[in-house]
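Visitor: Next up is a structure, given as structure tokens.
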Amino acid sequence: MHPWVARARRAVNRSLTELPATSDDPPPLVLVACSGGPDSLALAAAAAHLARRGAVRVGAAVIDHQMQPGSHEVAGATVRILEDMGLEPVISRRVTVDRAGYGPEMAARLARYAALNDIATQLRADAVLLGHTRDDQAETVLLGLARGSGTRSLSGMSSRHAIEGVLYLRPFLNVTRQETETICRVEGLDPWHDPSNSDTALMRSRIRHRVLPFLEEHMGPGVSNALARTASVLEADADFLDEQATEFFRRARVEPAASSSVELDCLAVQETPAAMRRRMLAQACVATGGETPTFERLSALEGFAMGYGAAGPLQMAGKVTVWRRRGDKLCVKGRLEFQNTE
């Protein structure tokens, strides 16, 4: 057996230890999100090996974004490859990518996760496996650096996360793109190569084909590995800081006057350590149905919470408006569309 095939199988096996413990029969069902590219096909092959051992049931979800000519044929060919591996069930789903207000990459991502969530929920899957590699992780960290992001963004993609109750696992964050391509060759798989991955009009492709090679040339080999290691270290740090911020948020929260609002005690906010304060304020925005604020908006919100500047109100992303109420309370109130139509 090729050592990289064995390494990939061990990576998937370790990742599956994240599944909730159960004694139910049959074994848990996991779905591989598969585009037909080398990363996700190599992941499917490794997961199929575990399915043959009876440790887990493995199916797959193939999402056709309909953004390129021939995408339907690519999806069909991918389904046949996965079925030949023995994966069951294999679900193919066409989606319509709504680009309103988003770039093409984000719009496709939102459509893809919506479809994956729907499929996983319908099949009662225990988890969805994603084929992101160490190279993808390095690119994500560089994107975070370019945006001036904090610890959470610089921690890159998490090895596990949940979206609306669906668990997503990334077993290959320590597997390289070179390894997945080799695994496909060894396993006799013919992967599809997405032409958009070579389109340097897209930021991630520019980082992949121009920025990282430049850094490797001028700083020496190993830059991608170092960035991925940084993400691994910071993920644990970010998780801990978020847990602590949640506790500070709980302590500062007071019963609101309206069910659509979140209220924090101003004095408790002001006494919170700076490392926690911004995180808890961001959590207040999200808890009200808004979005995680950008650095600039969060800085403005922190100053507002500390009593600096105008009396407000302050407008945050996601239709969240913040008032500084009389007394020691900061009121973060959501203005969701359905509330406006009542």
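To be explicit about the labels: the chains of the structure tokens are called A, B, and onward in the order shown, and within each one the residues are counted from 1, while ligands get numbers from 1 in the order they are shown.
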Contacts of segment 8-20 of chain A at 9 Å or less, counting only C-alpha atoms, minus same-chain residues fewer than 5 places along, as an mmCIF file with N, CA and C atoms, in the first residue's frame?
Guide:
```cif
data_model
loop_
_atom_site.group_PDB
_atom_site.id
_atom_site.type_symbol
_atom_site.label_atom_id
_atom_site.label_comp_id
_atom_site.auth_asym_id
_atom_site.auth_seq_id
_atom_site.Cartn_x
_atom_site.Cartn_y
_atom_site.Cartn_z
ATOM 1 N N PRO A 3 2.195 4.711 1.042
ATOM 2 C CA PRO A 3 2.111 5.325 2.390
ATOM 3 C C PRO A 3 1.139 6.491 2.462
ATOM 4 N N PRO A 28 -22.942 4.507 12.103
ATOM 5 C CA PRO A 28 -23.256 5.878 11.699
ATOM 6 C C PRO A 28 -23.062 6.093 10.201
ATOM 7 N N VAL A 30 -21.998 8.756 7.280
ATOM 8 C CA VAL A 30 -21.335 10.013 6.950
ATOM 9 C C VAL A 30 -21.422 10.209 5.445
ATOM 10 N N ALA A 42 -10.078 11.648 -3.365
ATOM 11 C CA ALA A 42 -9.169 10.940 -2.468
ATOM 12 C C ALA A 42 -9.824 10.724 -1.105
ATOM 13 N N LEU A 43 -10.569 11.730 -0.640
ATOM 14 C CA LEU A 43 -11.296 11.601 0.625
ATOM 15 C C LEU A 43 -12.345 10.500 0.529
ATOM 16 N N ALA A 45 -12.303 7.907 -1.430
ATOM 17 C CA ALA A 45 -11.635 6.602 -1.487
ATOM 18 C C ALA A 45 -11.209 6.149 -0.096
ATOM 19 N N ALA A 46 -10.681 7.074 0.709
ATOM 20 C CA ALA A 46 -10.267 6.722 2.076
ATOM 21 C C ALA A 46 -11.470 6.350 2.927
ATOM 22 N N ALA A 47 -12.558 7.105 2.782
ATOM 23 C CA ALA A 47 -13.765 6.809 3.561
ATOM 24 C C ALA A 47 -14.387 5.483 3.115
ATOM 25 N N HIS A 49 -12.881 2.873 2.156
ATOM 26 C CA HIS A 49 -12.127 1.785 2.796
ATOM 27 C C HIS A 49 -12.696 1.490 4.177
ATOM 28 N N LEU A 50 -13.001 2.531 4.943
ATOM 29 C CA LEU A 50 -13.570 2.332 6.278
ATOM 30 C C LEU A 50 -14.962 1.714 6.199
ATOM 31 N N VAL A 56 -18.266 2.233 9.445
ATOM 32 C CA VAL A 56 -19.148 3.368 9.203
ATOM 33 C C VAL A 56 -19.839 3.158 7.865
ATOM 34 N N ASP A 126 -24.815 11.488 10.158
ATOM 35 C CA ASP A 126 -24.148 11.881 11.397
ATOM 36 C C ASP A 126 -23.116 12.971 11.159
ATOM 37 N N ALA A 127 -22.588 13.069 9.942
ATOM 38 C CA ALA A 127 -21.603 14.103 9.626
ATOM 39 C C ALA A 127 -21.425 14.189 8.121
ATOM 40 N N LEU A 129 -18.259 15.008 5.425
ATOM 41 C CA LEU A 129 -16.810 15.125 5.322
ATOM 42 C C LEU A 129 -16.454 16.073 4.180
ATOM 43 N N SER A 159 -11.322 22.048 12.067
ATOM 44 C CA SER A 159 -11.382 20.622 11.754
ATOM 45 C C SER A 159 -12.795 20.077 11.916
ATOM 46 N N ARG A 160 -13.615 20.764 12.711
ATOM 47 C CA ARG A 160 -15.022 20.389 12.861
ATOM 48 C C ARG A 160 -15.833 21.625 13.165
ATOM 49 N N LEU A 167 -23.123 18.379 11.448
ATOM 50 C CA LEU A 167 -21.703 18.357 11.785
ATOM 51 C C LEU A 167 -20.867 18.209 10.520
ATOM 52 N N LEU A 169 -16.867 17.761 9.131
ATOM 53 C CA LEU A 169 -15.523 17.360 9.530
ATOM 54 C C LEU A 169 -14.567 17.541 8.350
ATOM 55 N N ARG A 170 -13.340 17.976 8.660
ATOM 56 C CA ARG A 170 -12.301 18.145 7.635
ATOM 57 C C ARG A 170 -11.120 17.236 7.991
ATOM 58 N N PRO A 171 -11.126 15.993 7.529
ATOM 59 C CA PRO A 171 -10.052 15.060 7.896
ATOM 60 C C PRO A 171 -8.705 15.383 7.262
ATOM 61 N N PHE A 172 -8.681 16.128 6.148
ATOM 62 C CA PHE A 172 -7.460 16.277 5.345
ATOM 63 C C PHE A 172 -6.696 17.577 5.601
ATOM 64 N N LEU A 173 -6.913 18.237 6.721
ATOM 65 C CA LEU A 173 -6.223 19.508 6.943
ATOM 66 C C LEU A 173 -4.718 19.338 7.147
ATOM 67 N N ASN A 174 -4.257 18.108 7.342
ATOM 68 C CA ASN A 174 -2.822 17.836 7.393
ATOM 69 C C ASN A 174 -2.355 16.993 6.210
ATOM 70 N N VAL A 175 -3.176 16.925 5.189
ATOM 71 C CA VAL A 175 -2.857 16.219 3.943
ATOM 72 C C VAL A 175 -2.665 17.257 2.851
ATOM 73 N N GLU A 179 -0.442 15.093 -2.204
ATOM 74 C CA GLU A 179 -0.791 13.759 -1.721
ATOM 75 C C GLU A 179 -2.130 13.300 -2.284
ATOM 76 N N THR A 180 -3.131 14.170 -2.316
ATOM 77 C CA THR A 180 -4.436 13.738 -2.830
ATOM 78 C C THR A 180 -4.353 13.391 -4.311
ATOM 79 N N ILE A 183 -2.794 10.006 -4.453
ATOM 80 C CA ILE A 183 -3.751 8.985 -4.013
ATOM 81 C C ILE A 183 -4.703 8.635 -5.145
#
```
Visitor: Can you write out as a Markdown table which residues of segment 184-226 of chain A fall within 10 Å of segment 134-141 of chain A, alongside each residue's closest atom pair and its distance in Å to one decimal, counting only C-alpha atoms and ordering rows by chain and ascending residue number?
Guide:
```
| residue | atom | partner | partner_atom | distance |
| --- | --- | --- | --- | --- |
| A:Met203 | CA | A:Glu139 | CA | 9.7 |
| A:Arg204 | CA | A:Glu139 | CA | 6.7 |
| A:Ser205 | CA | A:Glu139 | CA | 9.0 |
| A:Arg206 | CA | A:Glu139 | CA | 9.7 |
| A:Ile207 | CA | A:Glu139 | CA | 6.4 |
| A:Arg208 | CA | A:Glu139 | CA | 6.7 |
| A:Val211 | CA | A:Glu139 | CA | 9.3 |
| A:Leu212 | CA | A:Glu139 | CA | 8.0 |
| A:Val223 | CA | A:Ala138 | CA | 8.3 |
| A:Ser224 | CA | A:Ala138 | CA | 5.3 |
| A:Asn225 | CA | A:Ala138 | CA | 7.2 |
| A:Ala226 | CA | A:Ala138 | CA | 8.0 |
```
Visitor: Would you export the selected residues with N, CA, C and O atoms as a PDB file, in the first residue's frame, please?
Guide:
```
ATOM      1  N   MET A 203      -9.515  35.776  -5.947  1.00  0.00           N
ATOM      2  CA  MET A 203      -8.488  36.032  -4.943  1.00  0.00           C
ATOM      3  C   MET A 203      -7.782  34.758  -4.499  1.00  0.00           C
ATOM      4  O   MET A 203      -6.553  34.699  -4.405  1.00  0.00           O
ATOM      5  N   ARG A 204      -8.546  33.712  -4.191  1.00  0.00           N
ATOM      6  CA  ARG A 204      -7.913  32.485  -3.703  1.00  0.00           C
ATOM      7  C   ARG A 204      -6.989  31.890  -4.763  1.00  0.00           C
ATOM      8  O   ARG A 204      -5.904  31.378  -4.436  1.00  0.00           O
ATOM      9  N   SER A 205      -7.388  31.956  -6.028  1.00  0.00           N
ATOM     10  CA  SER A 205      -6.533  31.434  -7.096  1.00  0.00           C
ATOM     11  C   SER A 205      -5.257  32.256  -7.235  1.00  0.00           C
ATOM     12  O   SER A 205      -4.183  31.710  -7.516  1.00  0.00           O
ATOM     13  N   ARG A 206      -5.364  33.558  -7.038  1.00  0.00           N
ATOM     14  CA  ARG A 206      -4.157  34.398  -7.091  1.00  0.00           C
ATOM     15  C   ARG A 206      -3.193  34.014  -5.971  1.00  0.00           C
ATOM     16  O   ARG A 206      -1.983  33.958  -6.167  1.00  0.00           O
ATOM     17  N   ILE A 207      -3.730  33.779  -4.793  1.00  0.00           N
ATOM     18  CA  ILE A 207      -2.883  33.359  -3.682  1.00  0.00           C
ATOM     19  C   ILE A 207      -2.223  32.016  -3.999  1.00  0.00           C
ATOM     20  O   ILE A 207      -1.027  31.812  -3.745  1.00  0.00           O
ATOM     21  N   ARG A 208      -2.994  31.102  -4.577  1.00  0.00           N
ATOM     22  CA  ARG A 208      -2.489  29.759  -4.876  1.00  0.00           C
ATOM     23  C   ARG A 208      -1.395  29.784  -5.933  1.00  0.00           C
ATOM     24  O   ARG A 208      -0.360  29.115  -5.778  1.00  0.00           O
ATOM     25  N   VAL A 211       0.896  34.225  -5.102  1.00  0.00           N
ATOM     26  CA  VAL A 211       1.419  34.695  -3.821  1.00  0.00           C
ATOM     27  C   VAL A 211       2.225  33.613  -3.112  1.00  0.00           C
ATOM     28  O   VAL A 211       3.384  33.838  -2.711  1.00  0.00           O
ATOM     29  N   LEU A 212       1.656  32.425  -2.928  1.00  0.00           N
ATOM     30  CA  LEU A 212       2.376  31.370  -2.224  1.00  0.00           C
ATOM     31  C   LEU A 212       3.651  30.946  -2.954  1.00  0.00           C
ATOM     32  O   LEU A 212       4.706  30.776  -2.307  1.00  0.00           O
ATOM     33  N   VAL A 223       6.688  27.472   3.549  1.00  0.00           N
ATOM     34  CA  VAL A 223       5.802  28.550   3.974  1.00  0.00           C
ATOM     35  C   VAL A 223       4.371  28.036   4.165  1.00  0.00           C
ATOM     36  O   VAL A 223       3.710  28.349   5.161  1.00  0.00           O
ATOM     37  N   SER A 224       3.884  27.243   3.219  1.00  0.00           N
ATOM     38  CA  SER A 224       2.518  26.716   3.326  1.00  0.00           C
ATOM     39  C   SER A 224       2.350  25.867   4.575  1.00  0.00           C
ATOM     40  O   SER A 224       1.339  25.973   5.293  1.00  0.00           O
ATOM     41  N   ASN A 225       3.354  25.033   4.858  1.00  0.00           N
ATOM     42  CA  ASN A 225       3.279  24.200   6.060  1.00  0.00           C
ATOM     43  C   ASN A 225       3.269  25.053   7.325  1.00  0.00           C
ATOM     44  O   ASN A 225       2.537  24.771   8.276  1.00  0.00           O
ATOM     45  N   ALA A 226       4.081  26.119   7.328  1.00  0.00           N
ATOM     46  CA  ALA A 226       4.137  26.995   8.504  1.00  0.00           C
ATOM     47  C   ALA A 226       2.806  27.706   8.722  1.00  0.00           C
ATOM     48  O   ALA A 226       2.345  27.851   9.861  1.00  0.00           O
TER      49      ALA A 226
END
```
Visitor: What residues in segment 128-304 of chain A get the DSSP label strand (DSSP E or B)? Please answer as a ChimeraX atom specification.
Guide: /A:128-129,160-163,166-169,253-254,261-265
Visitor: Emit the selected residues as a short mmCIF file (atom, residue, chain, number, x, y, z; two decimals), in the first residue's frame, including C-alpha atoms.
Guide:
```cif
data_model
loop_
_atom_site.label_atom_id
_atom_site.label_comp_id
_atom_site.auth_asym_id
_atom_site.auth_seq_id
_atom_site.Cartn_x
_atom_site.Cartn_y
_atom_site.Cartn_z
CA VAL A 128 -20.48 15.52 6.30
CA LEU A 129 -16.81 15.12 5.32
CA ARG A 160 -15.02 20.39 12.86
CA HIS A 161 -17.94 22.79 12.93
CA ALA A 162 -21.72 22.64 12.85
CA ILE A 163 -24.18 24.50 10.65
CA VAL A 166 -25.24 19.38 10.79
CA LEU A 167 -21.70 18.36 11.78
CA TYR A 168 -18.94 19.02 9.24
CA LEU A 169 -15.52 17.36 9.53
CA ARG A 253 -26.62 39.83 29.85
CA VAL A 254 -29.75 41.13 31.55
CA SER A 261 -33.48 42.45 21.83
CA VAL A 262 -30.35 41.55 23.74
CA GLU A 263 -29.32 43.79 26.65
CA LEU A 264 -25.94 43.95 28.30
CA ASP A 265 -25.04 45.76 31.50
#
```
Visitor: Just the residues within 8 Å of segment 271-284 of chain A, please, counting only C-alpha atoms, with nothing from its chain fewer than 3 positions along; format it as a PDB file with N, CA, C and O atoms, in the first residue's frame.
Guide:
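See part21.pdb below for the written result:
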```
ATOM      1  N   LEU A 241     -10.679  31.181  23.788  1.00  0.00           N
ATOM      2  CA  LEU A 241     -11.078  32.579  23.967  1.00  0.00           C
ATOM      3  C   LEU A 241     -12.575  32.758  23.733  1.00  0.00           C
ATOM      4  O   LEU A 241     -13.241  33.517  24.454  1.00  0.00           O
ATOM      5  N   ASP A 242     -13.122  32.062  22.747  1.00  0.00           N
ATOM      6  CA  ASP A 242     -14.556  32.165  22.486  1.00  0.00           C
ATOM      7  C   ASP A 242     -15.370  31.598  23.647  1.00  0.00           C
ATOM      8  O   ASP A 242     -16.432  32.132  24.004  1.00  0.00           O
ATOM      9  N   GLN A 244     -14.445  31.541  26.782  1.00  0.00           N
ATOM     10  CA  GLN A 244     -14.369  32.517  27.867  1.00  0.00           C
ATOM     11  C   GLN A 244     -15.275  33.714  27.596  1.00  0.00           C
ATOM     12  O   GLN A 244     -15.951  34.227  28.498  1.00  0.00           O
ATOM     13  N   ALA A 245     -15.287  34.168  26.340  1.00  0.00           N
ATOM     14  CA  ALA A 245     -16.134  35.311  25.980  1.00  0.00           C
ATOM     15  C   ALA A 245     -17.610  34.980  26.176  1.00  0.00           C
ATOM     16  O   ALA A 245     -18.402  35.837  26.583  1.00  0.00           O
ATOM     17  N   THR A 246     -17.981  33.738  25.889  1.00  0.00           N
ATOM     18  CA  THR A 246     -19.372  33.316  26.095  1.00  0.00           C
ATOM     19  C   THR A 246     -19.761  33.430  27.563  1.00  0.00           C
ATOM     20  O   THR A 246     -20.884  33.836  27.896  1.00  0.00           O
ATOM     21  N   PHE A 248     -18.389  35.543  29.784  1.00  0.00           N
ATOM     22  CA  PHE A 248     -18.513  36.970  30.085  1.00  0.00           C
ATOM     23  C   PHE A 248     -19.826  37.516  29.522  1.00  0.00           C
ATOM     24  O   PHE A 248     -20.487  38.359  30.151  1.00  0.00           O
ATOM     25  N   PHE A 249     -20.220  37.049  28.350  1.00  0.00           N
ATOM     26  CA  PHE A 249     -21.475  37.464  27.737  1.00  0.00           C
ATOM     27  C   PHE A 249     -22.650  37.057  28.618  1.00  0.00           C
ATOM     28  O   PHE A 249     -23.589  37.836  28.846  1.00  0.00           O
ATOM     29  N   VAL A 262     -31.327  42.058  22.786  1.00  0.00           N
ATOM     30  CA  VAL A 262     -30.353  41.545  23.738  1.00  0.00           C
ATOM     31  C   VAL A 262     -29.830  42.751  24.512  1.00  0.00           C
ATOM     32  O   VAL A 262     -29.463  43.761  23.910  1.00  0.00           O
ATOM     33  N   LEU A 267     -21.746  48.492  32.742  1.00  0.00           N
ATOM     34  CA  LEU A 267     -20.639  48.400  33.685  1.00  0.00           C
ATOM     35  C   LEU A 267     -19.922  47.068  33.537  1.00  0.00           C
ATOM     36  O   LEU A 267     -18.683  47.005  33.565  1.00  0.00           O
ATOM     37  N   ALA A 268     -20.689  45.990  33.366  1.00  0.00           N
ATOM     38  CA  ALA A 268     -20.077  44.665  33.185  1.00  0.00           C
ATOM     39  C   ALA A 268     -19.259  44.629  31.896  1.00  0.00           C
ATOM     40  O   ALA A 268     -18.174  44.037  31.857  1.00  0.00           O
ATOM     41  N   ALA A 287     -26.307  37.004  18.347  1.00  0.00           N
ATOM     42  CA  ALA A 287     -27.457  36.518  19.109  1.00  0.00           C
ATOM     43  C   ALA A 287     -28.734  37.264  18.751  1.00  0.00           C
ATOM     44  O   ALA A 287     -29.842  36.762  18.947  1.00  0.00           O
ATOM     45  N   THR A 288     -28.576  38.474  18.211  1.00  0.00           N
ATOM     46  CA  THR A 288     -29.736  39.272  17.822  1.00  0.00           C
ATOM     47  C   THR A 288     -30.137  39.014  16.378  1.00  0.00           C
ATOM     48  O   THR A 288     -31.053  39.640  15.863  1.00  0.00           O
ATOM     49  N   THR A 292     -21.381  38.685  12.287  1.00  0.00           N
ATOM     50  CA  THR A 292     -20.170  39.020  13.031  1.00  0.00           C
ATOM     51  C   THR A 292     -19.600  40.310  12.451  1.00  0.00           C
ATOM     52  O   THR A 292     -19.339  40.389  11.259  1.00  0.00           O
ATOM     53  N   PRO A 293     -19.409  41.345  13.253  1.00  0.00           N
ATOM     54  CA  PRO A 293     -18.980  42.640  12.718  1.00  0.00           C
ATOM     55  C   PRO A 293     -17.565  42.607  12.172  1.00  0.00           C
ATOM     56  O   PRO A 293     -16.730  41.807  12.591  1.00  0.00           O
ATOM     57  N   LEU A 298     -16.646  46.687  14.737  1.00  0.00           N
ATOM     58  CA  LEU A 298     -16.512  46.203  16.100  1.00  0.00           C
ATOM     59  C   LEU A 298     -15.743  47.213  16.958  1.00  0.00           C
ATOM     60  O   LEU A 298     -16.054  47.403  18.142  1.00  0.00           O
ATOM     61  N   SER A 299     -14.753  47.872  16.356  1.00  0.00           N
ATOM     62  CA  SER A 299     -14.028  48.918  17.087  1.00  0.00           C
ATOM     63  C   SER A 299     -14.968  50.058  17.470  1.00  0.00           C
ATOM     64  O   SER A 299     -14.921  50.577  18.596  1.00  0.00           O
ATOM     65  N   LEU A 301     -18.192  49.815  17.837  1.00  0.00           N
ATOM     66  CA  LEU A 301     -19.127  49.303  18.838  1.00  0.00           C
ATOM     67  C   LEU A 301     -18.483  49.262  20.222  1.00  0.00           C
ATOM     68  O   LEU A 301     -19.120  49.596  21.222  1.00  0.00           O
ATOM     69  N   GLU A 302     -17.220  48.880  20.278  1.00  0.00           N
ATOM     70  CA  GLU A 302     -16.529  48.842  21.571  1.00  0.00           C
ATOM     71  C   GLU A 302     -16.450  50.242  22.175  1.00  0.00           C
ATOM     72  O   GLU A 302     -16.723  50.434  23.364  1.00  0.00           O
ATOM     73  N   VAL A 332     -28.769  45.996  22.454  1.00  0.00           N
ATOM     74  CA  VAL A 332     -28.477  45.606  21.077  1.00  0.00           C
ATOM     75  C   VAL A 332     -29.764  45.009  20.509  1.00  0.00           C
ATOM     76  O   VAL A 332     -30.198  43.946  20.934  1.00  0.00           O
TER      77      VAL A 332
END
```
Visitor: Can you tell me which residues surround segment 97-99 of chain A at a distance of at most 7 Å, considering only C-alpha atoms, apart from same-chain residues fewer than 5 positions away, and format the answer as an MDAnalysis selection string?
Guide: chainID A and resid 65 104 107:108 111
Visitor: Excluding Leu116 of chain A and its own-chain neighbours fewer than 2 positions away, which residues fall within 12 Å of it when counting only C-alpha atoms? Please give them as a ChimeraX atom specification.
Guide: /A:30-34,60-64,91-95,109-114,118-125,127-130,162-168
Visitor: Using only C-alpha atoms, which residues sit within 12 Å of Ala317 of chain A once same-chain residues fewer than 5 positions away are excluded, as a list in words?
Guide: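 In the requested form, the answer reads Ala282, Cys285, Val286, Thr288, Gly289, Gly290, Glu291, Thr292, Pro293, Thr294, Phe295, Glu296, Arg297, Leu298, Leu301, Val322, Lys333, Gly334, Arg335 and Leu336 of chain A.
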Visitor: Go through A:Val233, A:Ala300, A:Leu143, A:Val269 one by one, measure the shortest atom-to-atom distance of each to Leu202 of chain A using only C-alpha atoms, and give the residue with the smallest value.
Guide: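 Of A:Val233, A:Ala300, A:Leu143, A:Val269, the one nearest Leu202 of chain A is A:Leu143, counting only C-alpha atoms.
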Visitor: Separation of atom CA of Val5 of chain A and atom CA of Leu215 of chain A, in Å?
Guide: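 Going from atom CA of Val5 of chain A over to atom CA of Leu215 of chain A, I get 29.1 Å.
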Visitor: Could you check how far atom CA of Gly37 of chain A sits from atom CA of His193 of chain A, in Å to one decimal?
Guide: 5.7 Å
Visitor: Could you work out how far atom CA of Leu29 of chain A lies from atom CA of Val79 of chain A, giving the answer in Å with one decimal?
Guide: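 Separation between atom CA of Val79 of chain A and atom CA of Leu29 of chain A: 17.7 Å.
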Visitor: If we count only C-alpha atoms, what is near Gly70 of chain A at a cut-off of 12 Å, once residues fewer than 6 positions away on the same chain are taken out, given as a PyMOL selection string?
Guide: chain A and resi 64+76-77+192+194-195
Visitor: With N, CA and C atoms retained, could you export that selection as a short mmCIF file (atom, residue, chain, number, x, y, z; two decimals), in the first residue's frame?
Guide:
```
data_model
loop_
_atom_site.label_atom_id
_atom_site.label_comp_id
_atom_site.auth_asym_id
_atom_site.auth_seq_id
_atom_site.Cartn_x
_atom_site.Cartn_y
_atom_site.Cartn_z
N ASP A 64 -24.05 20.30 -8.00
CA ASP A 64 -23.82 20.92 -9.31
C ASP A 64 -24.21 22.39 -9.21
N GLY A 76 -22.57 13.98 -13.12
CA GLY A 76 -22.98 12.61 -13.44
C GLY A 76 -21.82 11.64 -13.42
N ALA A 77 -20.68 12.06 -13.98
CA ALA A 77 -19.49 11.20 -13.97
C ALA A 77 -19.00 10.97 -12.55
N TRP A 192 -11.65 15.27 -11.81
CA TRP A 192 -11.96 16.47 -12.60
C TRP A 192 -11.16 17.63 -12.03
N ASP A 194 -11.15 21.52 -11.78
CA ASP A 194 -12.01 22.70 -11.91
C ASP A 194 -11.22 23.84 -12.56
N PRO A 195 -11.65 24.31 -13.74
CA PRO A 195 -10.91 25.40 -14.40
C PRO A 195 -10.89 26.69 -13.59
#
```
